[in-house]
Amino acid sequence: MKYFNVFIILFLWCSTTTYAQIDDDAKDFKNTQARLNLNAALELELDPINDISFNFVTPGDIENGVVKSQFARFKIKATRPWTLSVKTLTPYFSATGRYASDDMPPSVLGIKKSNQADYIPLAFYDTRLFSGSRGGVFTPGNDFTADIKFTPGFEYGPGYYFISLVYTLSAM
């Protein structure tokens with residue numbers, strides 16, 4: 001019985017010492033924090049980025065307009081909700097040709113998402129086109145195509161007309 005009591009006392013003493021060592025080891029660890037500064041990130045990919053040409057064949061084309069369906073694909077990546085705007089680089093089209101008008105405004109052009117009904121007329125100032133959610137191109141609404149329509153009407157003379165479009169992607 002004496003050996004048994006000594007064994008129990010040794011067992012309890014070893015258990016306490018082991019527990020105390022484990023407890024002391026846990027006190028040696030320190031917490032650290034990882035800190036980062038994640039700024040708003042926006043990326044606009046426009047495909048294709050080449051020029052858009054319109055050819056008017058009939059008087060109906062001039063009066064009703066010519067549409068280029070899916071003239072561009074917009075792919076947007078953003079860490080915040082976003083807005084896409086467009087403006088023209090100049091207040092009027094640049095024109096060449098004997099009868100060309102030098103006062104054709106950018107509002108004869110309109111852009112819409114390919115699945116929407118109404119065209120948004122362009123202007124010399126930022127015009128809000130579309131908006132969307134934070135996320136990559138797989139986020140619904142961040143990868144889409146757009147249509148463009150040119151409706152000059154009969155107020156302007158025949159010639160070659162040029163205007164540059166500037167797209168701006170902004171965080172909301």
# chains A, B, ... in the order shown; residues from 1 in each chain; ligands from 1
call {"tool": "residues_around", "arguments": {"residues": "region 166-171 of chain A", "least_positions_apart": "2", "cutoff": "6 Å", "atoms": "only C-alpha atoms", "output": "PyMOL selection string"}}
result
chain A and resi 80-88
call {"tool": "residues_around", "arguments": {"residues": "Asp103 (chain A)", "least_positions_apart": "5", "cutoff": "10 Å", "atoms": "only C-alpha atoms", "output": "PyMOL selection string"}}
result
chain A and resi 91-95+155-156
call {"tool": "write_last_selection", "arguments": {"atoms": "C-alpha atoms", "output": "short mmCIF file (atom, residue, chain, number, x, y, z; two decimals), in the first residue's frame"}}
result
data_model
loop_
_atom_site.label_atom_id
_atom_site.label_comp_id
_atom_site.auth_asym_id
_atom_site.auth_seq_id
_atom_site.Cartn_x
_atom_site.Cartn_y
_atom_site.Cartn_z
CA PRO A 91 -18.14 69.39 -78.51
CA TYR A 92 -18.75 68.67 -82.22
CA PHE A 93 -17.75 66.07 -84.76
CA SER A 94 -14.71 66.91 -86.86
CA ALA A 95 -15.89 67.01 -90.45
CA GLU A 155 -29.88 68.64 -90.73
CA TYR A 156 -26.24 67.93 -91.65
#
call {"tool": "residues_around", "arguments": {"residues": "region 54-62 of chain A", "least_positions_apart": "5", "cutoff": "12 Å", "atoms": "only C-alpha atoms", "output": "PDB file with N, CA, C and O atoms, in the first residue's frame"}}
result
ATOM      1  N   VAL A  67     -27.516  51.098 -86.602  1.00  0.00           N
ATOM      2  CA  VAL A  67     -27.104  50.483 -85.338  1.00  0.00           C
ATOM      3  C   VAL A  67     -25.934  49.535 -85.582  1.00  0.00           C
ATOM      4  O   VAL A  67     -25.948  48.755 -86.534  1.00  0.00           O
ATOM      5  N   LYS A  68     -24.950  49.615 -84.713  1.00  0.00           N
ATOM      6  CA  LYS A  68     -23.878  48.622 -84.659  1.00  0.00           C
ATOM      7  C   LYS A  68     -24.123  47.816 -83.388  1.00  0.00           C
ATOM      8  O   LYS A  68     -23.846  48.270 -82.281  1.00  0.00           O
ATOM      9  N   SER A  69     -24.686  46.630 -83.572  1.00  0.00           N
ATOM     10  CA  SER A  69     -24.982  45.763 -82.425  1.00  0.00           C
ATOM     11  C   SER A  69     -23.681  45.202 -81.861  1.00  0.00           C
ATOM     12  O   SER A  69     -22.785  44.828 -82.609  1.00  0.00           O
ATOM     13  N   PHE A  71     -21.129  46.545 -80.512  1.00  0.00           N
ATOM     14  CA  PHE A  71     -19.931  47.209 -81.041  1.00  0.00           C
ATOM     15  C   PHE A  71     -18.744  47.076 -80.101  1.00  0.00           C
ATOM     16  O   PHE A  71     -17.591  47.196 -80.527  1.00  0.00           O
ATOM     17  N   VAL A 108     -26.109  62.903 -81.615  1.00  0.00           N
ATOM     18  CA  VAL A 108     -26.611  62.049 -82.698  1.00  0.00           C
ATOM     19  C   VAL A 108     -26.162  60.604 -82.502  1.00  0.00           C
ATOM     20  O   VAL A 108     -26.625  59.709 -83.204  1.00  0.00           O
ATOM     21  N   LEU A 109     -25.259  60.372 -81.553  1.00  0.00           N
ATOM     22  CA  LEU A 109     -24.824  59.026 -81.178  1.00  0.00           C
ATOM     23  C   LEU A 109     -25.506  58.631 -79.877  1.00  0.00           C
ATOM     24  O   LEU A 109     -25.648  59.451 -78.968  1.00  0.00           O
ATOM     25  N   ILE A 148     -24.394  50.694 -80.343  1.00  0.00           N
ATOM     26  CA  ILE A 148     -24.277  52.123 -80.606  1.00  0.00           C
ATOM     27  C   ILE A 148     -25.130  52.454 -81.836  1.00  0.00           C
ATOM     28  O   ILE A 148     -25.206  51.666 -82.772  1.00  0.00           O
ATOM     29  N   LYS A 149     -25.769  53.611 -81.788  1.00  0.00           N
ATOM     30  CA  LYS A 149     -26.647  54.030 -82.880  1.00  0.00           C
ATOM     31  C   LYS A 149     -26.284  55.452 -83.297  1.00  0.00           C
ATOM     32  O   LYS A 149     -26.131  56.333 -82.454  1.00  0.00           O
ATOM     33  N   PHE A 150     -26.175  55.648 -84.604  1.00  0.00           N
ATOM     34  CA  PHE A 150     -25.853  56.954 -85.177  1.00  0.00           C
ATOM     35  C   PHE A 150     -27.062  57.397 -85.988  1.00  0.00           C
ATOM     36  O   PHE A 150     -27.444  56.756 -86.953  1.00  0.00           O
ATOM     37  N   THR A 151     -27.692  58.503 -85.560  1.00  0.00           N
ATOM     38  CA  THR A 151     -28.877  59.049 -86.222  1.00  0.00           C
ATOM     39  C   THR A 151     -28.633  60.518 -86.559  1.00  0.00           C
ATOM     40  O   THR A 151     -29.000  61.408 -85.795  1.00  0.00           O
ATOM     41  N   PRO A 152     -28.008  60.805 -87.707  1.00  0.00           N
ATOM     42  CA  PRO A 152     -27.693  62.196 -88.018  1.00  0.00           C
ATOM     43  C   PRO A 152     -28.900  63.016 -88.476  1.00  0.00           C
ATOM     44  O   PRO A 152     -28.937  64.227 -88.267  1.00  0.00           O
ATOM     45  N   GLY A 153     -29.868  62.397 -89.092  1.00  0.00           N
ATOM     46  CA  GLY A 153     -30.990  63.164 -89.640  1.00  0.00           C
ATOM     47  C   GLY A 153     -30.544  63.964 -90.855  1.00  0.00           C
ATOM     48  O   GLY A 153     -29.407  63.853 -91.319  1.00  0.00           O
ATOM     49  N   PHE A 154     -31.456  64.804 -91.370  1.00  0.00           N
ATOM     50  CA  PHE A 154     -31.173  65.561 -92.594  1.00  0.00           C
ATOM     51  C   PHE A 154     -30.663  66.977 -92.323  1.00  0.00           C
ATOM     52  O   PHE A 154     -30.531  67.768 -93.244  1.00  0.00           O
ATOM     53  N   GLU A 155     -30.350  67.297 -91.070  1.00  0.00           N
ATOM     54  CA  GLU A 155     -29.881  68.639 -90.726  1.00  0.00           C
ATOM     55  C   GLU A 155     -28.409  68.870 -91.087  1.00  0.00           C
ATOM     56  O   GLU A 155     -27.933  69.998 -91.039  1.00  0.00           O
ATOM     57  N   TYR A 156     -27.676  67.815 -91.427  1.00  0.00           N
ATOM     58  CA  TYR A 156     -26.240  67.929 -91.647  1.00  0.00           C
ATOM     59  C   TYR A 156     -25.897  67.446 -93.051  1.00  0.00           C
ATOM     60  O   TYR A 156     -26.481  66.500 -93.564  1.00  0.00           O
ATOM     61  N   GLY A 157     -24.902  68.090 -93.652  1.00  0.00           N
ATOM     62  CA  GLY A 157     -24.511  67.771 -95.012  1.00  0.00           C
ATOM     63  C   GLY A 157     -23.685  66.497 -95.105  1.00  0.00           C
ATOM     64  O   GLY A 157     -23.122  66.015 -94.119  1.00  0.00           O
ATOM     65  N   PRO A 158     -23.598  65.947 -96.317  1.00  0.00           N
ATOM     66  CA  PRO A 158     -22.800  64.734 -96.515  1.00  0.00           C
ATOM     67  C   PRO A 158     -21.317  65.027 -96.337  1.00  0.00           C
ATOM     68  O   PRO A 158     -20.839  66.126 -96.624  1.00  0.00           O
ATOM     69  N   GLY A 159     -20.585  64.054 -95.835  1.00  0.00           N
ATOM     70  CA  GLY A 159     -19.151  64.187 -95.611  1.00  0.00           C
ATOM     71  C   GLY A 159     -18.663  63.075 -94.708  1.00  0.00           C
ATOM     72  O   GLY A 159     -19.389  62.120 -94.417  1.00  0.00           O
ATOM     73  N   TYR A 160     -17.439  63.210 -94.269  1.00  0.00           N
ATOM     74  CA  TYR A 160     -16.847  62.260 -93.330  1.00  0.00           C
ATOM     75  C   TYR A 160     -16.787  62.946 -91.968  1.00  0.00           C
ATOM     76  O   TYR A 160     -16.299  64.066 -91.846  1.00  0.00           O
ATOM     77  N   TYR A 161     -17.277  62.240 -90.954  1.00  0.00           N
ATOM     78  CA  TYR A 161     -17.354  62.802 -89.605  1.00  0.00           C
ATOM     79  C   TYR A 161     -16.590  61.908 -88.630  1.00  0.00           C
ATOM     80  O   TYR A 161     -16.660  60.687 -88.710  1.00  0.00           O
ATOM     81  N   PHE A 162     -15.891  62.542 -87.691  1.00  0.00           N
ATOM     82  CA  PHE A 162     -15.081  61.823 -86.708  1.00  0.00           C
ATOM     83  C   PHE A 162     -15.301  62.434 -85.332  1.00  0.00           C
ATOM     84  O   PHE A 162     -15.422  63.649 -85.197  1.00  0.00           O
TER      85      PHE A 162
END
call {"tool": "closest_residue", "arguments": {"among": "A:Tyr99, A:Phe124, A:Phe130, A:Phe29", "to": "Ala146 (chain A)", "atoms": "only C-alpha atoms"}}
result
A:Phe130
call {"tool": "select_by_dssp", "arguments": {"residues": "region 10-160 of chain A", "states": "strand (DSSP E or B)", "output": "PyMOL selection string"}}
result
chain A and resi 42-47+66-78+82-88+94-96+109-113+120-121+127-132+135+143-150+160
call {"tool": "closest_residue", "arguments": {"among": "A:Phe74, A:Gln33, A:Tyr125, A:Lys113", "to": "Thr90 (chain A)", "atoms": "only C-alpha atoms"}}
result
A:Tyr125
call {"tool": "closest_residue", "arguments": {"among": "A:Ala40, A:Ala78, A:Ala117, A:Leu46", "to": "Thr139 (chain A)", "atoms": "only C-alpha atoms"}}
result
A:Ala78
call {"tool": "select_by_dssp", "arguments": {"residues": "chain A", "states": "helix (DSSP H, G or I)", "output": "number ranges by chain"}}
result
A: 2-26, 59-64, 106-108, 153-155
call {"tool": "closest_residue", "arguments": {"among": "A:Ser114, A:Thr127, A:Ser101, A:Thr79", "to": "Ala41 (chain A)", "atoms": "only C-alpha atoms"}}
result
A:Thr79
